[in-house]
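Participant: The structure that follows is given in the form of structure tokens.
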Amino acid sequence: MSFTFLMQNLVNALQWGSFYALIALGYSMVYSILMLFNFAHGDIFMVGAYIGLGVATLLLALVGTGAAAMLPGWMVLVLTILISMFLTAFVGLIVERVGYRPLREAPRASAAITGLMIGIILETSNIIFMGGQRVKFPQLIESVTYNIGGVFVTNKKIMIVLVSLALMLGLHLFVTRSKWGMAMRAMAFDYVVVPLVGVPLNTIAAMTFAIGSALAAAAGILFGLAYPVLDPFMGVSLGWKAFVAAILGGRGSIMGACIAGFMLGFIEIMTVPAIQIVNRLFQLNLGSNLRDLIAYSIVLMILIFRPHGLFGEPYSAKLRL
């Protein structure tokens, strides 16, 4: 395996890891504060991508395209990301208020089933209103490929990784430096006592869902730029894989979710060439469809030795599990 081949796959892994990390942050934040898994989060990623499609189409219609465009493509992209994050945050607020808040003191299994049902509702609504067909995400910026020492990198891949890292850094600064971030960290530390000192639980819960949904929307738009075909079930696979990344990263750890997302992307991308090498060495005929099996087996082995995740803490009675 040459160094150039390794670096090429590393670039691809960074792109996939960016998607997983941004989505995993929503899972990790909600579980950290409310002790429940929002299994509808993958479908919120899908909704964010479709909202981005609508916003981008509307902006392109308003400002024009081609040489007569009032705004350059990168400006339309920035506006699309910001507006879509804002609108998808409201979707997260509705999901929290209607679906999860009435079940806050119910058994965790009830909330988990509710999340699955909300996901089905979002998928079915998409099919009803959009017809269920795949749609093409507009190419807001022209793709340019750079050859760096034999490694081919596009401007879109660079932008996806940089935007993702910027959003992760912004979330880290918000959680560690702001008053609301301090309240979120306190709520994650002790769900029962903190509301008694005046921290509004409903506000913190709504804010957590809104921020997680906004990040999922950003991931959806970036995914649409890289793979410009959207469908109503696009969030199922990516959502579950991001959930695995959230578990691997550890309970409530923003850094853990980010690192685990990139790690899962690297494991998935490198599994395919590893299968090819094994086939050549041992004259086998293993297919690349074993990628998920091998990747999840590696994650399982890590969790056997780190059952609380890479940066998680041991469970205690106060976690209400």
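FYI, nothing fancy with the structure tokens labels: chains A, B, ... in order, residues from 1 per chain, ligands from 1 as they appear.
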Can you pull out every residue within 9 Å of Leu82 in chain A, counting only C-alpha atoms, but drop anything in the same chain fewer than 5 positions away, and send it as number ranges by chain?
Facilitator: A: 77, 87, 214, 218
Participant: At a cut-off of 8 Å, using only C-alpha atoms, what residues contact Ala216 in chain A? Leave out same-chain residues fewer than 6 positions from it and give the result as a VMD selection string.
Facilitator: chain A and resid 22 to 23 26 41 to 42 44 to 45 48
Participant: Could those residues be written to a file, using C-alpha atoms, as a short mmCIF file (atom, residue, chain, number, x, y, z; two decimals), in the first residue's frame?
Facilitator:
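Contents of selection-v1.cif, freshly written:
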```cif
data_model
loop_
_atom_site.label_atom_id
_atom_site.label_comp_id
_atom_site.auth_asym_id
_atom_site.auth_seq_id
_atom_site.Cartn_x
_atom_site.Cartn_y
_atom_site.Cartn_z
CA LEU A 22 -21.66 16.62 12.80
CA ILE A 23 -24.60 14.24 13.08
CA GLY A 26 -26.74 15.89 18.07
CA HIS A 41 -31.96 12.59 14.38
CA GLY A 42 -30.87 10.85 11.18
CA ILE A 44 -33.65 15.45 10.79
CA PHE A 45 -30.39 15.33 8.83
CA GLY A 48 -32.12 19.64 6.74
#
```
Participant: Any chance you could list, as a list in words, the residues in range 69-245 of chain A that come up strand (DSSP E) when DSSP is run on the backbone?
Facilitator: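 Here are the strand (DSSP E) residues of range 69-245 of chain A: Val135, Lys136, Thr145, Tyr146, Asn147, Ile148, Val151, Phe152, Val153, Thr154, Val229 and Leu230 of chain A.
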Participant: Include C-alpha atoms and write out the residues we just selected as a short mmCIF file (atom, residue, chain, number, x, y, z; two decimals), in the first residue's frame.
Facilitator:
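And here's selection.cif as it stands now:
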```
data_model
loop_
_atom_site.label_atom_id
_atom_site.label_comp_id
_atom_site.auth_asym_id
_atom_site.auth_seq_id
_atom_site.Cartn_x
_atom_site.Cartn_y
_atom_site.Cartn_z
CA VAL A 135 -33.84 14.92 -6.35
CA LYS A 136 -30.62 16.62 -7.40
CA THR A 145 -9.55 19.24 -8.48
CA TYR A 146 -6.03 19.76 -7.15
CA ASN A 147 -3.22 17.26 -7.64
CA ILE A 148 -1.00 17.44 -4.56
CA VAL A 151 -3.24 12.92 -4.17
CA PHE A 152 -6.37 14.33 -5.80
CA VAL A 153 -8.31 16.74 -3.61
CA THR A 154 -11.30 18.82 -4.70
CA VAL A 229 -28.69 13.09 -4.99
CA LEU A 230 -31.17 13.28 -2.11
#
```
Participant: Neighbours of Met234 in chain A within 10 Å (only C-alpha atoms; same-chain residues fewer than 5 positions away dropped), as JSON, numbers by chain?
Facilitator: {"A": [42, 43, 45, 46, 47, 49, 123, 134, 220, 229, 239]}
